[in-house]
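J.: The structure that follows is given in the form of structure tokens.
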Number of protein chains: 2
Amino acid sequence: VFPYKCFAGKYLRVDLTTGRAEAEALPVAWAEAYLGGNGLGTRVLWEEVPPEVDPLSPANRLVFAPGLLGGTLMPNSGRLEVIAKSPLTGIYGDANAGGFFAPEVKYAGYDFIVFQGKAATPVYLLLRDGRVELRDASRLWGQTTSATERAIQQEVADPDVKVACIGPAGERQVRYACIMVSYARSAARAGMGAVMGSKNLKAVAVRGSGGVSLADPARFSRVSVRAHQAIRGNEFYPGVSRFGTPGLVVLMNPMGRFPTKNFQLGSFPWADEISAETLRGNHFVKDIACFNCPVACDKVYRVKEGPFATTTSSVEYETLGSLGAGVWNRDLASILYANRRCDDLGLDTISAGRTIAFAMECAQRGLLSRGEADGLDLSWGNTGTILTLLERIASRQGIGDLLAEGTRRAAARLGRGASEYAMEIKGQEIAAQDGRAQQSMGLAQATSTRGADHLKGFPVLDETGYPSEAVKRYGAEYLPELIDPLATKHKAMLVKDGEDFGAVVDSCGNCKSGGTFVMAEVYWPEMAEAIQAATGMSMPVERLKVIGERIYNLQRCYNALHGIARKDDTQPRRLLSEPSPSGHAKGQVLHLGEMLDEYYRLRAWDASTGLPTAVKLRELGLAEVVQRLEVGE
Amino acid sequence: VFPYKCFAGKYLRVDLTTGRAEAEALPVAWAEAYLGGNGLGTRVLWEEVPPEVDPLSPANRLVFAPGLLGGTLMPNSGRLEVIAKSPLTGIYGDANAGGFFAPEVKYAGYDFIVFQGKAATPVYLLLRDGRVELRDASRLWGQTTSATERAIQQEVADPDVKVACIGPAGERQVRYACIMVSYARSAARAGMGAVMGSKNLKAVAVRGSGGVSLADPARFSRVSVRAHQAIRGNEFYPGVSRFGTPGLVVLMNPMGRFPTKNFQLGSFPWADEISAETLRGNHFVKDIACFNCPVACDKVYRVKEGPFATTTSSVEYETLGSLGAGVWNRDLASILYANRRCDDLGLDTISAGRTIAFAMECAQRGLLSRGEADGLDLSWGNTGTILTLLERIASRQGIGDLLAEGTRRAAARLGRGASEYAMEIKGQEIAAQDGRAQQSMGLAQATSTRGADHLKGFPVLDETGYPSEAVKRYGAEYLPELIDPLATKHKAMLVKDGEDFGAVVDSCGNCKSGGTFVMAEVYWPEMAEAIQAATGMSMPVERLKVIGERIYNLQRCYNALHGIARKDDTQPRRLLSEPSPSGHAKGQVLHLGEMLDEYYRLRAWDASTGLPTAVKLRELGLAEVVQRLEVGE
């Protein structure tokens, strides 16, 4: 019997090459050290996917992991974490999605699922409680994600079976293909969909009828209800609940933080036309919430008629950035249309939009001719070209085959100095945050373990300035710099804390997005208490902090096996040396170096190599890592 | 020595399977009986491609034929005729393009080129005078037509080499893939591009330095100059020269002849927004003319900026119909964008637009769900969906694979009564002419030998009413019915004469389009005199008429081998029984039956089978056809 509650104590290993699926015992030490989700997935990669493994080869692992608190009363506890070596970055990769899929995995009796090998022909996994089947998915191959989900629910004759699947882009191993999750939520980043495609795994369908046992149900209930209440009482709750992340557009634009024209600008002149107010006013249909979420930041939007009639959801601030401002497109209906196509094709909207923006800047600079671009006019804001490229990328046709490789590889193949305009870090495209306008974010993007990313460190206190929470978390002595987006002081601390806490959140399966809330109202003490009440582990805050730090360090060490070092914790030259032309950030560059020095010091990482020291790793209980990495003391 | 001038007396046979290319002698009897282009191509199909041959198999033949007068002083003598069994209709197929390609074939010393077999890997034919090479085209495979043309010109280091090539659509054997011809002129219809693709033949590149010898140069020059002068003096010349075929939009729309919403309507409420005036006013860059053309109906158009920035040409009345009114799209810039995409992908704009319109009507009628349509919103006028579908059709992705089969096959596969909305004849989609509004055209579409088509019979006298020419050609006794578009009387005569004369024009390589002119100012007497002066054959008008009738009858007989009979000379039920709701045609249906009876009588074809009688065939010198077809007396 597993010594802790809330764990199933076992996980499902599916070998797609042999077709065998077996339950394996979850090591107790892993549970204690990594909790769930992201943490356990990191450990699987560390153990089973050495550096020589190509991310798109059968030897890669693909982990579908709910969080430790997945499916419980704790708010927003339905997040799914997908972990694999990334075909986009070649290092640790993960992606996270909301919806209703993750709890079903726990209800079916598993802490996570790990896939290995490659099926001879397309299959999907059907997991219903203890019953596991690999079913033929030949007739689903080529189908869109929405059609795939529907077809499986019909085949299984259960409209409540939860489906995670890839679209044509994943099948073609587009390096930033996403996985769409029950329904239209996207495990978007780092190309997890391409890994699925490389394994001939079209979908994973899960339905469970079990429950999640708790060590101290009454106490867990109290912690959870308090968290719900706190979130509902938060000052930002009404706005985020009403507008979702698109509400950020009008906040970020004047800051000069809203990347425009492939980061040539930090503000979009027509931000009002693609703002949350416009979106809600013209296209809102209804709110939709993920599993057990009091916020319901997601909405269904409809373009009723005209040239871009469509229905879509999960339209995020990021979408408006990548398919709007980033490519100089002010036509909101076309952005919604493109969002739906990305969802149906199974493309990460961020990387897709950014790669198109890269191509447009290459055309602007004379580095990419119209002939090379399959006759497409790549002028800024060309909606026709944006829609056309999404199709061509997903099917890897012509120029789409080049762009399907992602910005970094496309730039390298083009040559001609095109890398200058590749706005990526470690191979992953930068999302809708200009680090010059928020220095902490500039640092967080550079240190993120999955390449450019806003959600690992996820510094939000200085995003719009949030003094009350800053004082509550860190004390008044860090003000005013901590909440000044242009200041660099204390930002390393903010990012390190965010990374460690974020690792815990991603391992527990709660939500960071929409969820400025969770970050604000559920912090170390609340998470520690919830975990203790759920599992029965003794979980003082200090122990939980070590877990968070351990997970993040292990990801870093995994990347170090692949050659990642300080040289890679960087940003495109444009952001480091060209002053921002926009908004509050006007005249600013990103002061990365000084923040990085402090960051390594706080992490006890070597300032020249960027590698964790042996002392730190032993302190985190990662002695075996010291040996494998051969790091010095 | 060949007994007639103007002929090379030899043609080039290229076996793609073996890689051998050899000159073969043109039989003198063929030259006398069929002249060139279309006529010789028909004879090749009759001889070499029996009914059991699949159009996409290596056994099909593909003929590239300039006309007899190709490359001479006669106006518009640069048309290329491509002939093969059609993968769209399964019967006789041809397509015709302007530009500069066809004369080069004659200058290189051949009357035509015939391809057979299939290359093991992609190749292109390079023909420079006597030198013939099959070159590797692997690196061109997947490239757009514009890029392919450029790449070949660069490889050959000759910017004047003329290229005919296919795009991705032809490679994928989309059944209405076109061949793009030097530059951006399209041999569009009947899927000739798919035949090229099935043979792994990416392109044909030709450059010749020889001339065309004439029997009586002085007389030929006089005939030619007179024709040029007559065309320039024609009352419609200034308008067509200024506006090209798009000028027809505002003329056809009030007639109810401009198919709208997949022929649900015959007038487009926003015709002004896609008219030639608007086109010229907003997008005109410059005129471009085909070889030796005094009209220059083609224009380069540019959308300078915004969501559909592009540069394109060969924007025809048909384009505005198929990608505009037919799919309820009033955004002219998006039509230009879509036209460019069709050109680059190598899609016939007519069949592509019509197939999309068919899909949209199926969605309207509840016969095609959004899931089946890859998540696309198929509501009328959805520009995003139109652009997306063009990409998906060309790459045969998802729903695009179904639509790539053409309307008839797509409807059959869908079932559910969808054939009701398939606006096609013999498998080919109907162009922008509603037969209810112009009865002669309704007949001509039904009798055309390549399936629904406006250019075989091409009746224009009653299109807008053209009394002076009607009287000149046929005499006053045919008025007023002959020029009344809603009258059926005399229309069979008009269509038969148009088909026979058109067969001669297509065999001589002159232009019918733009060329209401050629039809008006160059008629039987002028053509007969030109042919006699060019070749030295004695060519009284009556002899030429027999040639035209022979060619058309041989096409009909070829189709009869494939089971074509009167039952196939029909139109969609909608046009035969639903009164037109639009314009001048309001309340009218197409009275096909009565015109057909008269047509068969004039043709001396059996009124019940629709087969030529043995008497007629012998009269036309087609005794061998009588035997093979086993037709009665």
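Letters for chains follow the order of the structure tokens (A, B, ...), residue numbers begin at 1 for each chain, and ligand numbers begin at 1 in the order shown.
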Show me, as an MDAnalysis selection string, the residues that have an atom within 8 Å of A:Gly197 when counting only C-alpha atoms, minus same-chain residues fewer than 5 positions from it.

T.: chainID A and resid 166 170:173 202

J.: Write the residues of the preceding selection, restricted to C-alpha atoms, as a CSV table (one decimal), in the first residue's frame.

T.:
```csv
chain,number,residue,atom,x,y,z
A,166,ILE,CA,-3.0,16.1,-32.3
A,170,GLY,CA,1.5,17.0,-35.1
A,171,GLU,CA,1.3,14.2,-37.6
A,172,ARG,CA,3.7,16.0,-39.8
A,173,GLN,CA,5.9,16.7,-36.9
A,202,LYS,CA,-3.1,10.4,-32.6
```

J.: Output the contact residues of chain B with respect to chain A at a cut-off of 7 Å, based on only C-alpha atoms, as a PyMOL selection string.

T.: chain B and resi 142-144+146-147+306-310+344+371+374-375+377+381-384+387-388+391+398

J.: Kindly export the residues of the current selection with all heavy atoms, as a short mmCIF file (atom, residue, chain, number, x, y, z; two decimals), in the first residue's frame.

T.:
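The new file again-v3.cif reads:
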```cif
data_model
loop_
_atom_site.label_atom_id
_atom_site.label_comp_id
_atom_site.auth_asym_id
_atom_site.auth_seq_id
_atom_site.Cartn_x
_atom_site.Cartn_y
_atom_site.Cartn_z
N GLY B 142 7.10 20.32 -55.78
CA GLY B 142 6.59 21.03 -54.61
C GLY B 142 6.62 22.53 -54.77
O GLY B 142 5.99 23.26 -54.02
N GLN B 143 7.37 23.00 -55.75
CA GLN B 143 7.46 24.45 -55.92
C GLN B 143 6.26 25.02 -56.67
O GLN B 143 5.60 24.35 -57.45
CB GLN B 143 8.74 24.82 -56.68
CG GLN B 143 9.99 24.59 -55.82
CD GLN B 143 11.17 25.45 -56.26
OE1 GLN B 143 10.99 26.55 -56.81
NE2 GLN B 143 12.36 24.95 -56.03
N THR B 144 6.01 26.29 -56.43
CA THR B 144 4.93 26.97 -57.11
C THR B 144 5.28 27.14 -58.59
O THR B 144 6.43 27.00 -58.99
CB THR B 144 4.71 28.37 -56.52
OG1 THR B 144 5.94 29.08 -56.61
CG2 THR B 144 4.25 28.29 -55.07
N SER B 146 5.23 29.93 -60.38
CA SER B 146 6.09 31.08 -60.67
C SER B 146 7.53 30.78 -60.30
O SER B 146 8.45 31.16 -61.03
CB SER B 146 5.58 32.34 -59.95
OG SER B 146 5.43 32.13 -58.57
N ALA B 147 7.74 30.09 -59.19
CA ALA B 147 9.10 29.75 -58.80
C ALA B 147 9.71 28.75 -59.78
O ALA B 147 10.90 28.82 -60.10
CB ALA B 147 9.12 29.19 -57.38
N GLY B 306 -2.37 45.94 -46.94
CA GLY B 306 -3.53 45.43 -46.23
C GLY B 306 -3.62 43.94 -46.24
O GLY B 306 -2.67 43.25 -46.57
N PRO B 307 -4.79 43.45 -45.85
CA PRO B 307 -4.92 42.03 -45.56
C PRO B 307 -4.71 41.11 -46.77
O PRO B 307 -4.46 39.93 -46.57
CB PRO B 307 -6.35 41.89 -45.03
CG PRO B 307 -7.05 43.13 -45.42
CD PRO B 307 -6.02 44.20 -45.56
N PHE B 308 -4.84 41.62 -47.99
CA PHE B 308 -4.67 40.74 -49.13
C PHE B 308 -3.71 41.32 -50.17
O PHE B 308 -3.94 41.20 -51.37
CB PHE B 308 -6.04 40.43 -49.76
CG PHE B 308 -6.98 39.76 -48.80
CD1 PHE B 308 -8.09 40.42 -48.30
CD2 PHE B 308 -6.71 38.48 -48.35
CE1 PHE B 308 -8.93 39.81 -47.38
CE2 PHE B 308 -7.54 37.86 -47.43
CZ PHE B 308 -8.66 38.52 -46.95
N ALA B 309 -2.66 41.92 -49.68
CA ALA B 309 -1.65 42.47 -50.59
C ALA B 309 -1.13 41.37 -51.50
O ALA B 309 -0.80 40.28 -51.04
CB ALA B 309 -0.51 43.10 -49.80
N THR B 310 -1.08 41.69 -52.78
CA THR B 310 -0.57 40.71 -53.74
C THR B 310 -0.38 41.38 -55.08
O THR B 310 -0.83 42.52 -55.30
CB THR B 310 -1.51 39.49 -53.88
OG1 THR B 310 -0.84 38.45 -54.58
CG2 THR B 310 -2.79 39.85 -54.63
N ASP B 344 -0.34 30.11 -58.50
CA ASP B 344 0.90 29.55 -57.94
C ASP B 344 0.75 28.08 -57.57
O ASP B 344 1.69 27.31 -57.68
CB ASP B 344 1.35 30.38 -56.74
CG ASP B 344 2.37 31.43 -57.13
OD1 ASP B 344 3.05 31.24 -58.15
OD2 ASP B 344 2.50 32.44 -56.42
N GLY B 371 -17.59 19.48 -38.74
CA GLY B 371 -16.55 18.50 -38.42
C GLY B 371 -16.00 17.84 -39.67
O GLY B 371 -14.80 17.68 -39.82
N ASP B 374 -13.34 19.73 -41.70
CA ASP B 374 -12.09 20.05 -41.00
C ASP B 374 -12.24 21.27 -40.10
O ASP B 374 -11.29 22.04 -39.92
CB ASP B 374 -10.96 20.33 -42.01
CG ASP B 374 -10.72 19.15 -42.93
OD1 ASP B 374 -11.21 18.05 -42.63
OD2 ASP B 374 -10.03 19.35 -43.94
N GLY B 375 -13.44 21.46 -39.57
CA GLY B 375 -13.65 22.59 -38.65
C GLY B 375 -13.86 23.91 -39.34
O GLY B 375 -14.02 24.94 -38.69
N ASP B 377 -15.67 26.90 -41.21
CA ASP B 377 -17.00 27.49 -41.34
C ASP B 377 -17.24 27.73 -42.83
O ASP B 377 -16.56 28.53 -43.47
CB ASP B 377 -17.04 28.80 -40.57
CG ASP B 377 -18.39 29.48 -40.65
OD1 ASP B 377 -18.87 29.73 -41.78
OD2 ASP B 377 -18.95 29.79 -39.61
N GLY B 381 -19.38 33.33 -48.52
CA GLY B 381 -18.53 34.52 -48.50
C GLY B 381 -17.42 34.47 -47.46
O GLY B 381 -16.78 35.48 -47.21
N ASN B 382 -17.20 33.31 -46.87
CA ASN B 382 -16.15 33.22 -45.87
C ASN B 382 -14.77 33.18 -46.56
O ASN B 382 -14.32 32.15 -47.04
CB ASN B 382 -16.36 31.98 -45.00
CG ASN B 382 -15.47 32.00 -43.77
OD1 ASN B 382 -14.30 32.34 -43.85
ND2 ASN B 382 -16.05 31.65 -42.64
N THR B 383 -14.17 34.33 -46.61
CA THR B 383 -12.89 34.48 -47.30
C THR B 383 -11.82 33.59 -46.70
O THR B 383 -11.01 32.99 -47.42
CB THR B 383 -12.41 35.95 -47.18
OG1 THR B 383 -13.49 36.79 -47.52
CG2 THR B 383 -11.25 36.21 -48.10
N GLY B 384 -11.81 33.52 -45.38
CA GLY B 384 -10.83 32.67 -44.72
C GLY B 384 -10.95 31.24 -45.20
O GLY B 384 -9.96 30.58 -45.51
N LEU B 387 -9.71 30.80 -48.89
CA LEU B 387 -8.25 30.73 -48.99
C LEU B 387 -7.71 29.44 -48.39
O LEU B 387 -6.80 28.81 -48.92
CB LEU B 387 -7.62 31.93 -48.28
CG LEU B 387 -7.89 33.29 -48.93
CD1 LEU B 387 -7.26 34.40 -48.12
CD2 LEU B 387 -7.37 33.31 -50.36
N THR B 388 -8.31 29.05 -47.27
CA THR B 388 -7.87 27.82 -46.62
C THR B 388 -8.13 26.61 -47.52
O THR B 388 -7.28 25.73 -47.67
CB THR B 388 -8.61 27.65 -45.29
OG1 THR B 388 -8.33 28.79 -44.47
CG2 THR B 388 -8.16 26.39 -44.56
N GLU B 391 -5.66 26.00 -50.37
CA GLU B 391 -4.43 25.33 -49.91
C GLU B 391 -4.69 23.84 -49.68
O GLU B 391 -3.89 22.99 -50.04
CB GLU B 391 -3.91 25.95 -48.62
CG GLU B 391 -3.59 27.43 -48.71
CD GLU B 391 -2.56 27.76 -49.78
OE1 GLU B 391 -1.57 27.03 -49.93
OE2 GLU B 391 -2.76 28.77 -50.49
N GLY B 398 -7.28 16.59 -45.84
CA GLY B 398 -8.61 16.56 -45.24
C GLY B 398 -9.72 16.75 -46.26
O GLY B 398 -9.77 16.08 -47.30
#
```

J.: Between atom CA of B:Pro246 and atom CA of B:Ala325, what is the distance in Å, rounded to a tenth?

T.: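 Atom-to-atom, atom CA of B:Pro246 to atom CA of B:Ala325, that is 12.6 Å.
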
J.: Using the chain letters and numbers from this document, which residues of stretch 68-217 of chain A does DSSP assign to helix (DSSP H, G or I), as JSON, numbers by chain?

T.: {"A": [101, 102, 103, 104, 105, 106, 107, 138, 139, 140, 145, 146, 147, 148, 149, 150, 151, 152, 153, 154, 155, 156, 168, 169, 170, 171, 189, 190, 191, 192, 193, 194, 195, 196, 197, 198, 217]}

J.: Any chance you could export the current selection's N, CA and C atoms as a JSON list (two decimals), in the first residue's frame?

T.:
```
[["chain", "number", "residue", "atom", "x", "y", "z"],
["A", 101, "PHE", "N", -9.24, 16.90, -18.86],
["A", 101, "PHE", "CA", -8.57, 15.64, -19.14],
["A", 101, "PHE", "C", -7.83, 15.09, -17.92],
["A", 102, "ALA", "N", -7.00, 15.94, -17.31],
["A", 102, "ALA", "CA", -6.08, 15.48, -16.27],
["A", 102, "ALA", "C", -6.78, 14.76, -15.11],
["A", 103, "PRO", "N", -7.88, 15.32, -14.57],
["A", 103, "PRO", "CA", -8.52, 14.62, -13.46],
["A", 103, "PRO", "C", -8.94, 13.20, -13.80],
["A", 104, "GLU", "N", -9.31, 12.97, -15.06],
["A", 104, "GLU", "CA", -9.76, 11.63, -15.45],
["A", 104, "GLU", "C", -8.64, 10.61, -15.29],
["A", 105, "VAL", "N", -7.41, 11.04, -15.53],
["A", 105, "VAL", "CA", -6.27, 10.12, -15.38],
["A", 105, "VAL", "C", -6.20, 9.65, -13.93],
["A", 106, "LYS", "N", -6.36, 10.61, -13.02],
["A", 106, "LYS", "CA", -6.35, 10.20, -11.60],
["A", 106, "LYS", "C", -7.57, 9.34, -11.27],
["A", 107, "TYR", "N", -8.70, 9.73, -11.80],
["A", 107, "TYR", "CA", -9.93, 8.97, -11.52],
["A", 107, "TYR", "C", -9.84, 7.55, -12.10],
["A", 138, "SER", "N", -6.18, 4.85, -37.82],
["A", 138, "SER", "CA", -5.88, 5.15, -39.23],
["A", 138, "SER", "C", -6.91, 6.09, -39.83],
["A", 139, "ARG", "N", -8.16, 5.86, -39.50],
["A", 139, "ARG", "CA", -9.19, 6.69, -40.12],
["A", 139, "ARG", "C", -9.21, 8.10, -39.52],
["A", 140, "LEU", "N", -8.53, 8.27, -38.37],
["A", 140, "LEU", "CA", -8.45, 9.60, -37.76],
["A", 140, "LEU", "C", -7.25, 10.40, -38.26],
["A", 145, "THR", "N", -8.32, 18.35, -34.99],
["A", 145, "THR", "CA", -8.44, 17.98, -33.57],
["A", 145, "THR", "C", -9.90, 17.93, -33.13],
["A", 146, "SER", "N", -10.70, 18.88, -33.59],
["A", 146, "SER", "CA", -12.10, 18.86, -33.15],
["A", 146, "SER", "C", -12.82, 17.63, -33.70],
["A", 147, "ALA", "N", -12.54, 17.30, -34.95],
["A", 147, "ALA", "CA", -13.17, 16.11, -35.53],
["A", 147, "ALA", "C", -12.68, 14.84, -34.84],
["A", 148, "THR", "N", -11.42, 14.81, -34.49],
["A", 148, "THR", "CA", -10.85, 13.63, -33.82],
["A", 148, "THR", "C", -11.52, 13.40, -32.47],
["A", 149, "GLU", "N", -11.65, 14.47, -31.71],
["A", 149, "GLU", "CA", -12.29, 14.34, -30.39],
["A", 149, "GLU", "C", -13.71, 13.80, -30.54],
["A", 150, "ARG", "N", -14.44, 14.39, -31.47],
["A", 150, "ARG", "CA", -15.82, 13.96, -31.69],
["A", 150, "ARG", "C", -15.88, 12.50, -32.14],
["A", 151, "ALA", "N", -15.00, 12.16, -33.06],
["A", 151, "ALA", "CA", -15.03, 10.79, -33.61],
["A", 151, "ALA", "C", -14.75, 9.76, -32.53],
["A", 152, "ILE", "N", -13.82, 10.05, -31.66],
["A", 152, "ILE", "CA", -13.51, 9.10, -30.59],
["A", 152, "ILE", "C", -14.67, 9.00, -29.61],
["A", 153, "GLN", "N", -15.25, 10.12, -29.26],
["A", 153, "GLN", "CA", -16.39, 10.07, -28.34],
["A", 153, "GLN", "C", -17.54, 9.27, -28.94],
["A", 154, "GLN", "N", -17.70, 9.40, -30.25],
["A", 154, "GLN", "CA", -18.75, 8.62, -30.91],
["A", 154, "GLN", "C", -18.40, 7.14, -30.96],
["A", 155, "GLU", "N", -17.15, 6.85, -31.29],
["A", 155, "GLU", "CA", -16.72, 5.46, -31.39],
["A", 155, "GLU", "C", -16.87, 4.76, -30.04],
["A", 156, "VAL", "N", -16.52, 5.48, -28.99],
["A", 156, "VAL", "CA", -16.57, 4.91, -27.65],
["A", 156, "VAL", "C", -17.99, 4.98, -27.08],
["A", 168, "PRO", "N", -3.26, 17.66, -37.93],
["A", 168, "PRO", "CA", -2.33, 17.42, -39.03],
["A", 168, "PRO", "C", -0.92, 17.92, -38.75],
["A", 169, "ALA", "N", -0.79, 19.02, -38.00],
["A", 169, "ALA", "CA", 0.55, 19.57, -37.74],
["A", 169, "ALA", "C", 1.38, 18.61, -36.90],
["A", 170, "GLY", "N", 0.74, 17.99, -35.91],
["A", 170, "GLY", "CA", 1.48, 17.02, -35.10],
["A", 170, "GLY", "C", 1.87, 15.79, -35.91],
["A", 171, "GLU", "N", 0.96, 15.36, -36.76],
["A", 171, "GLU", "CA", 1.25, 14.20, -37.61],
["A", 171, "GLU", "C", 2.48, 14.45, -38.48],
["A", 189, "ARG", "N", 3.06, 24.46, -26.10],
["A", 189, "ARG", "CA", 4.44, 24.86, -26.40],
["A", 189, "ARG", "C", 5.41, 23.68, -26.50],
["A", 190, "ALA", "N", 6.55, 23.99, -27.02],
["A", 190, "ALA", "CA", 7.70, 23.08, -27.04],
["A", 190, "ALA", "C", 7.51, 21.87, -27.94],
["A", 191, "GLY", "N", 6.43, 21.87, -28.74],
["A", 191, "GLY", "CA", 6.31, 20.82, -29.77],
["A", 191, "GLY", "C", 5.92, 19.44, -29.27],
["A", 192, "MET", "N", 5.16, 19.41, -28.16],
["A", 192, "MET", "CA", 4.75, 18.11, -27.64],
["A", 192, "MET", "C", 3.89, 17.35, -28.66],
["A", 193, "GLY", "N", 3.15, 18.08, -29.49],
["A", 193, "GLY", "CA", 2.33, 17.44, -30.51],
["A", 193, "GLY", "C", 3.17, 16.72, -31.56],
["A", 194, "ALA", "N", 4.34, 17.25, -31.85],
["A", 194, "ALA", "CA", 5.23, 16.59, -32.81],
["A", 194, "ALA", "C", 5.75, 15.28, -32.24],
["A", 195, "VAL", "N", 5.99, 15.26, -30.93],
["A", 195, "VAL", "CA", 6.45, 14.01, -30.30],
["A", 195, "VAL", "C", 5.35, 12.96, -30.41],
["A", 196, "MET", "N", 4.11, 13.38, -30.15],
["A", 196, "MET", "CA", 2.99, 12.45, -30.33],
["A", 196, "MET", "C", 2.96, 11.92, -31.75],
["A", 197, "GLY", "N", 3.09, 12.86, -32.70],
["A", 197, "GLY", "CA", 3.06, 12.47, -34.11],
["A", 197, "GLY", "C", 4.18, 11.48, -34.45],
["A", 198, "SER", "N", 5.36, 11.72, -33.89],
["A", 198, "SER", "CA", 6.50, 10.85, -34.20],
["A", 198, "SER", "C", 6.28, 9.43, -33.67],
["A", 217, "PRO", "N", -9.51, 14.98, 4.90],
["A", 217, "PRO", "CA", -10.51, 15.60, 4.01],
["A", 217, "PRO", "C", -11.07, 16.91, 4.57]]
```

J.: Excluding A:Gly37 and any residue of its chain fewer than 5 positions from it, enumerate the residues within 6 Å of it, using only C-alpha atoms, and give them as number ranges by chain.

T.: A: 65-67, 81, 507

J.: With C-alpha atoms kept, could you save the residues just selected as a PDB file, in the first residue's frame?

T.:
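Writing done, so here's again-v5.pdb:
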```pdb
ATOM      1  CA  ALA A  65       0.736  13.873 -16.016  1.00  0.00           C
ATOM      2  CA  PRO A  66      -2.029  15.367 -13.953  1.00  0.00           C
ATOM      3  CA  GLY A  67      -0.789  17.171 -10.864  1.00  0.00           C
ATOM      4  CA  GLU A  81       1.258  18.612 -17.856  1.00  0.00           C
ATOM      5  CA  SER A 507       3.540  19.543 -10.206  1.00  0.00           C
TER       6      SER A 507
END
```

J.: A:Ala137: which residues within 6 Å, counting only C-alpha atoms, same-chain residues fewer than 4 positions away excluded, as a PyMOL selection string?

T.: chain A and resi 122-124

J.: Those selected residues, please, written with all heavy atoms and delivered as a tab-separated table (two decimals), in the first residue's frame.

T.:
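Saved the output as selection_16.tsv:
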```
chain	number	residue	atom	x	y	z
A	122	PRO	N	-1.02	4.42	-37.12
A	122	PRO	CA	-1.62	5.33	-36.15
A	122	PRO	C	-2.55	4.62	-35.15
A	122	PRO	O	-3.37	3.78	-35.54
A	122	PRO	CB	-2.40	6.30	-37.03
A	122	PRO	CG	-1.67	6.29	-38.33
A	122	PRO	CD	-1.21	4.88	-38.50
A	123	VAL	N	-2.39	4.98	-33.90
A	123	VAL	CA	-3.23	4.41	-32.84
A	123	VAL	C	-3.70	5.52	-31.90
A	123	VAL	O	-3.18	6.63	-31.93
A	123	VAL	CB	-2.45	3.38	-31.99
A	123	VAL	CG1	-2.05	2.17	-32.83
A	123	VAL	CG2	-1.23	4.01	-31.34
A	124	TYR	N	-4.70	5.18	-31.11
A	124	TYR	CA	-4.97	6.04	-29.95
A	124	TYR	C	-5.12	5.15	-28.73
A	124	TYR	O	-5.47	3.97	-28.83
A	124	TYR	CB	-6.17	6.95	-30.16
A	124	TYR	CG	-7.55	6.35	-30.08
A	124	TYR	CD1	-8.26	6.31	-28.87
A	124	TYR	CD2	-8.19	5.88	-31.23
A	124	TYR	CE1	-9.55	5.78	-28.81
A	124	TYR	CE2	-9.48	5.36	-31.18
A	124	TYR	CZ	-10.15	5.31	-29.98
A	124	TYR	OH	-11.43	4.81	-29.91
```

J.: Can you tell me which residues surround stretch 428-435 of chain B at a distance of at most 6 Å, considering only C-alpha atoms, apart from same-chain residues fewer than 6 positions away, and format the answer as a list in words?

T.: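 Final neighbour list, sorted by chain and number: Arg257, Phe258, Pro259, Glu318, Gly321, Ser351, Met441, Gly442, Gly451, Ala452 and Leu590 of chain B.
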
J.: For stretch 547-550 of chain A, work out the shell of residues within 7 Å, counting only C-alpha atoms and skipping chain neighbours fewer than 3 positions away, then give it as a compact mmCIF listing (two decimals) with C-alpha atoms, in the first residue's frame.

T.:
```
# COMPACT_ATOMS: atom_id res chain seq x y z
CA ALA A 33 10.75 14.38 -4.04
CA TYR A 34 8.66 15.49 -7.03
CA ASP A 500 10.52 27.34 -7.77
CA PHE A 501 6.93 28.02 -6.83
CA ALA A 503 7.48 24.14 -10.45
CA VAL A 504 5.35 23.20 -7.46
CA ARG A 543 10.36 21.48 2.60
CA LEU A 544 8.06 22.48 -0.22
CA ASN A 553 17.42 22.35 -10.72
CA LEU A 554 16.85 18.91 -12.14
CA LEU A 620 18.61 19.33 -2.84
```
